[in-house]
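*Asks:* This is the structure, below, for whatever I ask next.
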Amino acid sequence: MFLEELRILLARHARADWTTAIDGVLISKVDRSDPPAPSTSGTVLAVIAQGTKRLAHGDRIFEYGAGQYLVASVDLPVTGQFIGATPQFPALGFGLTLEPSAVAELLLRAGPGDTPRGGGTARPGIAVSDAPEALLDAVVRLLRLLDEPRDRAVLAPLVKHEILWRLITGEQGAAVRQLGLADSSLSHVSRAVRWIREHYAEPFRVEDLARLSGMSVSAFYRNFQAVTAMSPIRFQKQIRLQEARLLLATHPRDVTGVGHRVGYDSPSQFSREYRRQFGAPPSEDATRLRLPSPALP
């Protein structure tokens, strides 16, 4: 019932840069199926109203379509594309940035027993589910406020809280709840993820990352693997190669320099791993690169 109105609202308010007048709300409208493009997921709720999105993270493939949603509770390196999008049948999607502080606020306001019990183990950083009608209803009401500027400032934060609450108490609630808990396994892993992102060109020891995360080495490795679906070393490699691809878009003739800037001492190793990741050596890929557009997971 809500999907048709959701499609209409998304099509009407889509912008080239995917932003909207409501902070943290994104709208995607894609009318062609480009090759898979690397990006990062962010911490986000993404709902598809029309079309299909395929997202690859490590060895995991997520495919979700109209009436389904994806939750990313950690900012992970991903490769994504919309499938079968055309000008006559564009892919349409809604995105909402998930703020840990907002999740924490709702958890503090919830009464005892209001949220489902969840184990303390780390959850995967990306998951897909069917969207219940209550969630779609709240998303539609938030988007209606784009046509109601007088009411937007007061009502948009309230509807955002409702959407978060639907997520917290829904099928992927355990992962979303961990986002707002300062002492959750997810928050510990997120510290390491953030450090690797900020220092991706630097070597590190897993022991040091475990200490930074406040975990034993075995617990850190187990939880990091559960959240990111890869080892810390492989995660760093993914970040390095994505950064290299972005740099090559503006420095296509400096393959050796780009490899060194992202942390590779060996040009041959850089070329070999780049080709394995993107299907072509850096010099060849650089000739066809374009800077990526903002991408909704």
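Chain identifiers are assigned as A, B, and so on, following the order in which chains appear in the structure tokens; residues are numbered from 1 within each chain, and ligands are numbered from 1 in order of appearance.
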Neighbouring residues of A:Phe82 were defined as those with any atom within 7 Å, considering only C-alpha atoms; residues of the same chain fewer than 3 positions away were excluded. Please report them as a PyMOL selection string.

*Replies:* chain A and resi 33+52-54+85+91

*Asks:* Out of stretch 120-253 of chain A, which residues get strand (DSSP E or B) from DSSP, as a PyMOL selection string?

*Replies:* chain A and resi 126-130

*Asks:* Selected residues, C-alpha atoms, written as an mmCIF file, in the first residue's frame, please.

*Replies:*
data_model
loop_
_atom_site.group_PDB
_atom_site.id
_atom_site.type_symbol
_atom_site.label_atom_id
_atom_site.label_comp_id
_atom_site.auth_asym_id
_atom_site.auth_seq_id
_atom_site.Cartn_x
_atom_site.Cartn_y
_atom_site.Cartn_z
ATOM 1 C CA ILE A 126 25.374 -5.364 6.845
ATOM 2 C CA ALA A 127 22.022 -7.148 6.747
ATOM 3 C CA VAL A 128 18.884 -7.201 4.552
ATOM 4 C CA SER A 129 15.241 -7.752 5.547
ATOM 5 C CA ASP A 130 11.722 -7.302 4.230
#

*Asks:* For a test of reading the model, state the distance in Å between atom CA of A:Ala138 and atom CA of A:Ile83, rounded to one decimal.

*Replies:*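 Distance between the two atoms: 26.5 Å.
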
*Asks:* Got a sec: who's within 7 Å of A:Arg177, counting only C-alpha atoms, leaving out chain neighbours fewer than 3 positions off, as a list in words?

*Replies:*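 In the requested format, the answer is Val103, Ile168, Gly173, Ala174, Gly180 and Leu181 of chain A.
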
*Asks:* My list of candidates is A:Pro112, A:Pro87, A:Gly58, A:Pro77. Which is closest to A:Arg240 when distances are computed with only C-alpha atoms?

*Replies:*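 Closest to A:Arg240 of all the choices is A:Pro77.
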
*Asks:* What's the 7 Å shell around stretch 20-24 of chain A, counting only C-alpha atoms, without same-chain residues fewer than 4 positions away, as a list in words?

*Replies:*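 Once the nearby chain positions are removed, what remains is Leu96, Thr97 and Leu146 of chain A.
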
*Asks:* Smallest atom-to-atom distance to A:Val30: which of A:Asp183, A:Tyr64, A:Gly93, A:Leu209, using only C-alpha atoms?

*Replies:*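 Selected residue with least distance to A:Val30: A:Gly93.
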
*Asks:* Restrict the calculation to only C-alpha atoms, then for each residue of stretch 23-82 of chain A with any atom at most 12 Å from an atom of stretch 243-258 of chain A give the closest atom pair and their distance in Å to one decimal, rows by chain and rising residue number, as CSV.

*Replies:*
residue,atom,partner,partner_atom,distance
A:Ala37,CA,A:Arg245,CA,10.3
A:Pro38,CA,A:Arg245,CA,8.7
A:Ser39,CA,A:Glu243,CA,9.5
A:Thr40,CA,A:Glu243,CA,10.7
A:Pro77,CA,A:Glu243,CA,10.3

*Asks:* Using only C-alpha atoms, determine which residues lie at most 10 Å from A:Arg141, disregarding the query and same-chain residues fewer than 6 positions distant; provide the list as a ChimeraX atom specification.

*Replies:* /A:2,5-6,155-156,159-160

*Asks:* For the selection you just gave me, I'd like the residues written to a file as a short mmCIF file (atom, residue, chain, number, x, y, z; two decimals), in the first residue's frame, keeping C-alpha atoms.

*Replies:*
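The result, stored in part_21.cif:
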data_model
loop_
_atom_site.label_atom_id
_atom_site.label_comp_id
_atom_site.auth_asym_id
_atom_site.auth_seq_id
_atom_site.Cartn_x
_atom_site.Cartn_y
_atom_site.Cartn_z
CA PHE A 2 2.82 2.40 0.89
CA GLU A 5 3.31 6.58 -2.71
CA LEU A 6 6.93 6.01 -1.76
CA LEU A 155 7.95 16.90 12.74
CA ALA A 156 10.95 15.49 10.86
CA VAL A 159 9.39 10.76 12.45
CA LYS A 160 13.12 9.98 12.27
#

*Asks:* Go ahead and compute the interatomic distance for atom CA of A:Gly80 and atom CA of A:Pro36, in Å to one decimal.

*Replies:*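 Separating atom CA of A:Gly80 from atom CA of A:Pro36 is a distance of 5.1 Å.
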
*Asks:* Write down as a VMD selection string the residues of stretch 4-183 of chain A whose backbone DSSP state falls under alpha helix (DSSP H).

*Replies:* chain A and resid 4 to 13 100 to 109 133 to 144 149 to 168 173 to 179

*Asks:* Using only C-alpha atoms, which of the listed residues (A:Val206, A:Leu179, A:Ala110, A:Leu98) sits closest to A:Gln236?

*Replies:*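 Under the stated criterion, the closest residue is A:Val206.
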
*Asks:* Of the candidates A:Leu9, A:Ala201, A:Leu241, A:Leu106, which one gets nearest to A:Pro281 if we count only C-alpha atoms?

*Replies:*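 Smallest separation from A:Pro281 among the options: A:Leu241.
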
*Asks:* Expressed in Å to a single decimal, how great is the separation between atom CA of A:Gly67 and atom CA of A:Val47?

*Replies:*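 Result for atom CA of A:Gly67 versus atom CA of A:Val47: 7.1 Å, one decimal.
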
*Asks:* Counting only C-alpha atoms, what is within 12 Å of A:Gln178, bar same-chain residues fewer than 5 positions away, as a ChimeraX atom specification?

*Replies:* /A:72-74,98-101,103-104,107,117-125,167-168,172-173,183-190,227
